Amino acid sequence: MGWVAVAVAVWATVRADELPRHIVLLIGDGMGEGHVSAARAWLGRRLRFEDFPFSVALSTESAGGGITDSAAASTAMATGRRVANGTISRAIPGDGSDLLTLGERFHAAGRRVGLVTTSYLLDATPAAFASHATHRSDYTSIMNGYLAANGPRLLLGGGYGNWSTSALEQAGFTLATTPSNMWWAATSGVSRLAGLFGGGAIPYEYDGLNGFPGIEDMTRAALAYFGRTDEPTFLLIEGGRIDHAAHANDLPRCLGEVLAFERAVEAVLAWRGDRADVLVVVAADHETGGLRVIEDRGPGVLPAVSWSTTWHTAAPIRAYAVGAGADRLLGARHLTDVHGLLGDPAFPWPEIRGAVAEASSRVRVHWLAISGRVYGVEAATSGLARSWMLCGVVTTSQSGIQDLLVSFSDPPPSAFFFRVWQRTGDPDPP
Ligand SMILES: [Zn+2]
C-alpha cells in the first residue's frame, strides 16, 4: 500500500456570491467560554447566540504567537493580519504601513459603517476597524480615522478623549450626548451621527446606567439609524466592559455585561426577523481572567467560579454565525479568518483536511466544503506542477467536511498528492 502525501497547494479561481446586504458583528471583549457558561447558569437557559446554526473555536494569538491584547485581536479581525500587541491596523512587525480595514473597504464599496461600544469609542476594538495607529494610546490618530471622509457614519459609545465639537461638525457629524438626543438623531436622517456619552466608558450595567444609554439601547438606535434606508451596512457592536470586569475578577459586573450583550444580540435578531440578506456573527477577541464555572447554582444565583489570572489568556474563543453565508464560519480557525468571513464572499477557500489510503488503488480525501459551490478535486503522483489530473467535480449540498473516494489504476503509485479548488470552469494553469 502506498503512503499518502497531501499537498497544501489549493487555490480558488473565482469569487463566490455577493456579500450579504447587512453584516452585523458583535464582539464580547474578553468573553471566553467560561463567561458564556456563567451567564447560562444565571439565566437557566442557553444564550441566543449559542443556538446559532454555525459555531467554531478560534485561536487568538497575535504576531509572534503570544497572548493577544484587544488591539492586535481587533486588527486581526479588521484586516486579516496578525500584528504585535498594541498595534491598531498597521503592519507591525513589518514596514509599519497602514493595513486596509474592513471599515475602509466597506465604505469604498458603498456600505455604511457603524461602530458601537460600551467602552470609550477611542478604545482599541472599534479603533482597528476604521483607524490606524502605531500604538492604541495614540488617540489623535484613532480620532482622525473616525473623522476622515471615508470613516464610519455612526459612532456610539463612551466619550473619553479630546473630541472637538467643531471638528465633528466639520466632518458632517451630528453630536448626541444623551439617549434622547441619540434617538432623535438616529431617527431623523442626519448624515453622520456621533453619540459620545460621558467622559469615559459607559457605566457597568450592574451599577445602573444613570442616564447613559446601555448596549441594548445603542444597538437599537444604530439599527434604527441604518434602517431608515436599506443601503448595505456593516455594524460592529462591542460589549467592551466584559473584559474590564474580568480583569478585576468581578463576577457580578462581568455577568451584568454579558447579559446586556445577550440583549443586544436579541435586538439584532428581532431586527433581522426573517430577512435572508443579513449575516450576524458573534465573537470575542480573547478570553480574560481564565474564568471557569465550578458549580451551577440555578437561575438567578451567582454560580461558583474560579479565576486563574487578572490578564488575558491563550484560551480559544468561540464564534457563532447565523444568516446569509453563515456556514462559511466553518472554515475559520483564527481571528484573522473573521476578516475573510465578513469581507470576502469566496472565504473559505477549499482546504484539504486529511486523506486516508483505503486500498492500494483507492484514497479517501476529506476536505472542507461549503454548500452550493462546485469543487474540482485533482490528484497527482508527484508534486510537480504539470502532473495534476482532475479526478472529480463535486457539488455539495451540505457545508462541512466532505469525503471523496479517489481511485487509481494499477500499478498503484507510491504517493498521492491532492488539491481542491473552487470551480466555475477550467482553472488557470498553476
Ligand atoms: Zn483586556
# chains A, B, ... in the order shown; residues from 1 in each chain; ligands from 1
call {"tool": "residues_around", "arguments": {"residues": "region 387-395 of chain A", "least_positions_apart": "2", "cutoff": "9 Å", "atoms": "only C-alpha atoms", "output": "count of residues only"}}
result
23
call {"tool": "residues_near_ligand", "arguments": {"ligand": "ligand 1", "cutoff": "7 Å", "atoms": "only C-alpha atoms and all ligand atoms", "output": "list in words"}}
result
Gly30, Asp69, Ser70, Asp243, His244, His247, Thr288, Trp311 and His312 of chain A
call {"tool": "closest_residue", "arguments": {"among": "A:Leu223, A:Leu329, A:Leu99, A:Leu154", "to": "Val190 (chain A)", "atoms": "only C-alpha atoms"}}
result
A:Leu154
call {"tool": "select_by_dssp", "arguments": {"residues": "region 93-289 of chain A", "states": "helix (DSSP H, G or I)", "output": "PyMOL selection string"}}
result
chain A and resi 102-108+124-127+139-147+165-170+179-186+205-207+215-227+241-247+251-272
call {"tool": "select_by_dssp", "arguments": {"residues": "region 31-114 of chain A", "states": "strand (DSSP E or B)", "output": "VMD selection string"}}
result
chain A and resid 54 to 59 88 90 98 112 to 114
call {"tool": "write_last_selection", "arguments": {"atoms": "N, CA and C atoms", "output": "short mmCIF file (atom, residue, chain, number, x, y, z; two decimals), in the first residue's frame"}}
result
data_model
loop_
_atom_site.label_atom_id
_atom_site.label_comp_id
_atom_site.auth_asym_id
_atom_site.auth_seq_id
_atom_site.Cartn_x
_atom_site.Cartn_y
_atom_site.Cartn_z
N PHE A 54 -24.17 27.79 13.21
CA PHE A 54 -22.75 27.51 12.96
C PHE A 54 -21.90 28.12 14.06
N SER A 55 -20.93 27.33 14.51
CA SER A 55 -20.09 27.77 15.62
C SER A 55 -18.74 27.09 15.52
N VAL A 56 -17.67 27.83 15.77
CA VAL A 56 -16.33 27.24 15.77
C VAL A 56 -15.50 27.87 16.89
N ALA A 57 -14.47 27.15 17.31
CA ALA A 57 -13.49 27.72 18.23
C ALA A 57 -12.40 28.40 17.40
N LEU A 58 -11.98 29.57 17.83
CA LEU A 58 -10.94 30.30 17.11
C LEU A 58 -9.77 30.56 18.03
N SER A 59 -8.55 30.36 17.52
CA SER A 59 -7.38 30.75 18.29
C SER A 59 -7.16 32.25 18.10
N ILE A 88 -2.74 49.20 16.11
CA ILE A 88 -4.06 49.43 15.51
C ILE A 88 -3.91 49.45 13.98
N ARG A 90 -1.87 48.50 11.63
CA ARG A 90 -0.63 48.83 10.91
C ARG A 90 0.24 47.58 10.83
N ASP A 98 -0.08 51.36 6.80
CA ASP A 98 -1.48 51.17 7.17
C ASP A 98 -2.02 49.91 6.51
N ARG A 112 -22.48 51.35 4.39
CA ARG A 112 -22.43 52.30 5.51
C ARG A 112 -21.92 51.58 6.75
N VAL A 113 -21.00 52.21 7.46
CA VAL A 113 -20.30 51.56 8.57
C VAL A 113 -20.67 52.23 9.88
N GLY A 114 -20.93 51.43 10.91
CA GLY A 114 -21.23 51.96 12.24
C GLY A 114 -20.45 51.23 13.32
#
call {"tool": "residues_around", "arguments": {"residues": "Thr134 (chain A)", "least_positions_apart": "5", "cutoff": "9 Å", "atoms": "only C-alpha atoms", "output": "VMD selection string"}}
result
chain A and resid 86 to 92 96 141
call {"tool": "residues_around", "arguments": {"residues": "Ile67 (chain A)", "least_positions_apart": "4", "cutoff": "9 Å", "atoms": "only C-alpha atoms", "output": "CSV table (one decimal) with N, CA and C atoms, in the first residue's frame"}}
result
chain,number,residue,atom,x,y,z
A,60,THR,N,-6.5,32.8,19.0
A,60,THR,CA,-6.4,34.3,19.1
A,60,THR,C,-5.0,34.9,19.1
A,61,GLU,N,-4.0,34.1,19.1
A,61,GLU,CA,-2.6,34.6,19.3
A,61,GLU,C,-2.3,35.7,18.3
A,62,SER,N,-1.5,36.7,18.8
A,62,SER,CA,-1.1,37.8,18.0
A,62,SER,C,0.3,37.4,17.3
A,85,ASN,N,1.0,43.2,19.7
A,85,ASN,CA,0.1,43.7,20.7
A,85,ASN,C,0.2,45.3,20.7
A,286,HIS,N,-10.7,37.7,22.7
A,286,HIS,CA,-9.8,36.8,23.5
A,286,HIS,C,-10.5,36.5,24.8
A,312,HIS,N,-5.3,38.6,30.2
A,312,HIS,CA,-5.9,37.7,29.2
A,312,HIS,C,-5.3,36.3,29.2
A,313,THR,N,-5.9,35.3,28.6
A,313,THR,CA,-5.4,34.0,28.5
A,313,THR,C,-5.3,33.6,27.0
A,314,ALA,N,-4.6,32.5,26.8
A,314,ALA,CA,-4.5,32.0,25.4
A,314,ALA,C,-5.7,31.1,25.0
A,315,ALA,N,-6.7,31.0,25.9
A,315,ALA,CA,-7.8,30.1,25.6
A,315,ALA,C,-8.5,30.5,24.3
call {"tool": "residues_around", "arguments": {"residues": "Asp123 (chain A)", "least_positions_apart": "2", "cutoff": "9 Å", "atoms": "only C-alpha atoms", "output": "list of chain:residue names"}}
result
A:Ser70, A:Ala71, A:Thr117, A:Ser119, A:Tyr120, A:Leu121, A:Thr125, A:Pro126, A:Ala127, A:Ala128, A:Arg136, A:Ser137, A:Tyr139, A:Ile142, A:Tyr160, A:Gly240
call {"tool": "write_last_selection", "arguments": {"atoms": "C-alpha atoms", "output": "short mmCIF file (atom, residue, chain, number, x, y, z; two decimals), in the first residue's frame"}}
result
data_model
loop_
_atom_site.label_atom_id
_atom_site.label_comp_id
_atom_site.auth_asym_id
_atom_site.auth_seq_id
_atom_site.Cartn_x
_atom_site.Cartn_y
_atom_site.Cartn_z
CA SER A 70 -7.61 43.82 22.13
CA ALA A 71 -5.65 45.96 19.65
CA THR A 117 -19.19 50.11 22.09
CA SER A 119 -16.12 51.12 26.27
CA TYR A 120 -14.97 54.52 25.03
CA LEU A 121 -15.05 54.90 21.25
CA THR A 125 -11.57 47.24 19.47
CA PRO A 126 -13.64 49.77 17.50
CA ALA A 127 -10.48 51.67 16.51
CA ALA A 128 -8.94 48.84 14.50
CA ARG A 136 -3.50 52.05 20.81
CA SER A 137 -2.83 55.03 23.09
CA TYR A 139 -5.95 58.66 20.38
CA ILE A 142 -7.64 57.00 16.05
CA TYR A 160 -13.40 59.68 26.60
CA GLY A 240 -16.38 46.30 25.80
#
call {"tool": "residues_around", "arguments": {"residues": "region 218-222 of chain A", "least_positions_apart": "5", "cutoff": "8 Å", "atoms": "only C-alpha atoms", "output": "list of chain:residue names"}}
result
A:Gly114, A:Val116, A:Leu154, A:Leu156, A:Gly157, A:Met182, A:Trp183, A:Ala186, A:Thr187, A:Pro213, A:Ile237, A:Ala264, A:Ala267, A:Val268
call {"tool": "decode", "arguments": {"residues": "region 362-402 of chain A", "atoms": "N, CA and C atoms", "output": "JSON list (two decimals), in the first residue's frame"}}
result
[["chain", "number", "residue", "atom", "x", "y", "z"],
["A", 362, "ARG", "N", -7.08, 3.11, -3.95],
["A", 362, "ARG", "CA", -8.20, 3.96, -3.58],
["A", 362, "ARG", "C", -7.84, 4.80, -2.35],
["A", 363, "VAL", "N", -8.16, 6.09, -2.42],
["A", 363, "VAL", "CA", -7.85, 7.00, -1.31],
["A", 363, "VAL", "C", -9.10, 7.79, -0.96],
["A", 364, "ARG", "N", -9.37, 7.93, 0.33],
["A", 364, "ARG", "CA", -10.50, 8.76, 0.78],
["A", 364, "ARG", "C", -9.95, 10.13, 1.18],
["A", 365, "VAL", "N", -10.44, 11.17, 0.52],
["A", 365, "VAL", "CA", -9.97, 12.53, 0.77],
["A", 365, "VAL", "C", -11.03, 13.29, 1.56],
["A", 366, "HIS", "N", -10.62, 13.97, 2.62],
["A", 366, "HIS", "CA", -11.54, 14.81, 3.39],
["A", 366, "HIS", "C", -11.20, 16.27, 3.10],
["A", 367, "TRP", "N", -12.22, 17.05, 2.76],
["A", 367, "TRP", "CA", -11.93, 18.47, 2.59],
["A", 367, "TRP", "C", -13.09, 19.30, 3.07],
["A", 368, "LEU", "N", -12.78, 20.55, 3.36],
["A", 368, "LEU", "CA", -13.80, 21.47, 3.83],
["A", 368, "LEU", "C", -14.59, 21.95, 2.62],
["A", 369, "ALA", "N", -15.88, 21.78, 2.66],
["A", 369, "ALA", "CA", -16.72, 22.19, 1.54],
["A", 369, "ALA", "C", -17.86, 23.07, 2.04],
["A", 370, "ILE", "N", -18.21, 24.05, 1.25],
["A", 370, "ILE", "CA", -19.32, 24.95, 1.58],
["A", 370, "ILE", "C", -20.43, 24.70, 0.57],
["A", 371, "SER", "N", -21.64, 24.54, 1.06],
["A", 371, "SER", "CA", -22.73, 24.12, 0.19],
["A", 371, "SER", "C", -22.98, 25.14, -0.92],
["A", 372, "GLY", "N", -23.42, 24.62, -2.05],
["A", 372, "GLY", "CA", -23.75, 25.48, -3.17],
["A", 372, "GLY", "C", -22.57, 25.80, -4.06],
["A", 373, "ARG", "N", -21.37, 25.39, -3.67],
["A", 373, "ARG", "CA", -20.20, 25.65, -4.50],
["A", 373, "ARG", "C", -19.83, 24.38, -5.27],
["A", 374, "VAL", "N", -19.14, 24.59, -6.36],
["A", 374, "VAL", "CA", -18.68, 23.47, -7.17],
["A", 374, "VAL", "C", -17.17, 23.35, -7.01],
["A", 375, "TYR", "N", -16.72, 22.16, -6.71],
["A", 375, "TYR", "CA", -15.30, 21.95, -6.45],
["A", 375, "TYR", "C", -14.71, 20.98, -7.46],
["A", 376, "GLY", "N", -13.49, 21.25, -7.84],
["A", 376, "GLY", "CA", -12.73, 20.28, -8.59],
["A", 376, "GLY", "C", -11.70, 19.66, -7.66],
["A", 377, "VAL", "N", -11.52, 18.35, -7.79],
["A", 377, "VAL", "CA", -10.52, 17.65, -6.99],
["A", 377, "VAL", "C", -9.48, 17.09, -7.94],
["A", 378, "GLU", "N", -8.23, 17.41, -7.68],
["A", 378, "GLU", "CA", -7.15, 16.95, -8.55],
["A", 378, "GLU", "C", -6.19, 16.09, -7.75],
["A", 379, "ALA", "N", -5.61, 15.13, -8.44],
["A", 379, "ALA", "CA", -4.63, 14.25, -7.81],
["A", 379, "ALA", "C", -3.38, 14.21, -8.67],
["A", 380, "ALA", "N", -2.29, 13.86, -8.04],
["A", 380, "ALA", "CA", -1.02, 13.70, -8.76],
["A", 380, "ALA", "C", -0.18, 12.68, -8.01],
["A", 381, "THR", "N", 0.74, 12.10, -8.71],
["A", 381, "THR", "CA", 1.62, 11.14, -8.05],
["A", 381, "THR", "C", 2.98, 11.76, -7.77],
["A", 382, "SER", "N", 3.12, 13.03, -8.11],
["A", 382, "SER", "CA", 4.28, 13.78, -7.65],
["A", 382, "SER", "C", 3.81, 15.20, -7.44],
["A", 383, "GLY", "N", 4.62, 15.98, -6.77],
["A", 383, "GLY", "CA", 4.22, 17.35, -6.50],
["A", 383, "GLY", "C", 4.51, 18.30, -7.65],
["A", 384, "LEU", "N", 4.95, 17.78, -8.79],
["A", 384, "LEU", "CA", 5.29, 18.65, -9.91],
["A", 384, "LEU", "C", 4.06, 19.31, -10.49],
["A", 385, "ALA", "N", 4.23, 20.55, -10.91],
["A", 385, "ALA", "CA", 3.07, 21.34, -11.33],
["A", 385, "ALA", "C", 2.33, 20.71, -12.49],
["A", 386, "ARG", "N", 3.01, 20.04, -13.39],
["A", 386, "ARG", "CA", 2.35, 19.58, -14.60],
["A", 386, "ARG", "C", 1.65, 18.22, -14.44],
["A", 387, "SER", "N", 1.78, 17.62, -13.29],
["A", 387, "SER", "CA", 1.29, 16.25, -13.17],
["A", 387, "SER", "C", -0.13, 16.14, -12.60],
["A", 388, "TRP", "N", -0.80, 17.27, -12.37],
["A", 388, "TRP", "CA", -2.13, 17.20, -11.75],
["A", 388, "TRP", "C", -3.17, 16.65, -12.73],
["A", 389, "MET", "N", -4.01, 15.75, -12.25],
["A", 389, "MET", "CA", -5.08, 15.17, -13.05],
["A", 389, "MET", "C", -6.40, 15.39, -12.33],
["A", 390, "LEU", "N", -7.37, 15.90, -13.06],
["A", 390, "LEU", "CA", -8.70, 16.08, -12.47],
["A", 390, "LEU", "C", -9.30, 14.71, -12.17],
["A", 391, "CYS", "N", -9.70, 14.48, -10.93],
["A", 391, "CYS", "CA", -10.29, 13.18, -10.62],
["A", 391, "CYS", "C", -11.71, 13.31, -10.08],
["A", 392, "GLY", "N", -12.27, 14.49, -10.08],
["A", 392, "GLY", "CA", -13.66, 14.59, -9.66],
["A", 392, "GLY", "C", -14.11, 16.04, -9.64],
["A", 393, "VAL", "N", -15.37, 16.26, -9.98],
["A", 393, "VAL", "CA", -16.00, 17.57, -9.82],
["A", 393, "VAL", "C", -17.24, 17.33, -8.96],
["A", 394, "VAL", "N", -17.34, 18.08, -7.86],
["A", 394, "VAL", "CA", -18.37, 17.77, -6.88],
["A", 394, "VAL", "C", -19.15, 19.02, -6.52],
["A", 395, "THR", "N", -20.45, 18.91, -6.51],
["A", 395, "THR", "CA", -21.30, 19.96, -5.98],
["A", 395, "THR", "C", -21.81, 19.50, -4.62],
["A", 396, "THR", "N", -21.61, 20.30, -3.61],
["A", 396, "THR", "CA", -22.02, 19.84, -2.27],
["A", 396, "THR", "C", -23.35, 20.47, -1.90],
["A", 397, "SER", "N", -24.15, 19.71, -1.18],
["A", 397, "SER", "CA", -25.43, 20.22, -0.71],
["A", 397, "SER", "C", -25.37, 20.57, 0.77],
["A", 398, "GLN", "N", -24.29, 20.19, 1.41],
["A", 398, "GLN", "CA", -24.15, 20.48, 2.84],
["A", 398, "GLN", "C", -22.77, 21.04, 3.11],
["A", 399, "SER", "N", -22.69, 22.01, 4.01],
["A", 399, "SER", "CA", -21.39, 22.52, 4.41],
["A", 399, "SER", "C", -20.77, 21.58, 5.41],
["A", 400, "GLY", "N", -19.46, 21.51, 5.38],
["A", 400, "GLY", "CA", -18.77, 20.69, 6.37],
["A", 400, "GLY", "C", -17.62, 19.95, 5.75],
["A", 401, "ILE", "N", -17.11, 18.98, 6.51],
["A", 401, "ILE", "CA", -16.02, 18.17, 5.99],
["A", 401, "ILE", "C", -16.63, 17.07, 5.13],
["A", 402, "GLN", "N", -16.21, 17.02, 3.87],
["A", 402, "GLN", "CA", -16.77, 16.07, 2.92],
["A", 402, "GLN", "C", -15.73, 15.01, 2.56]]
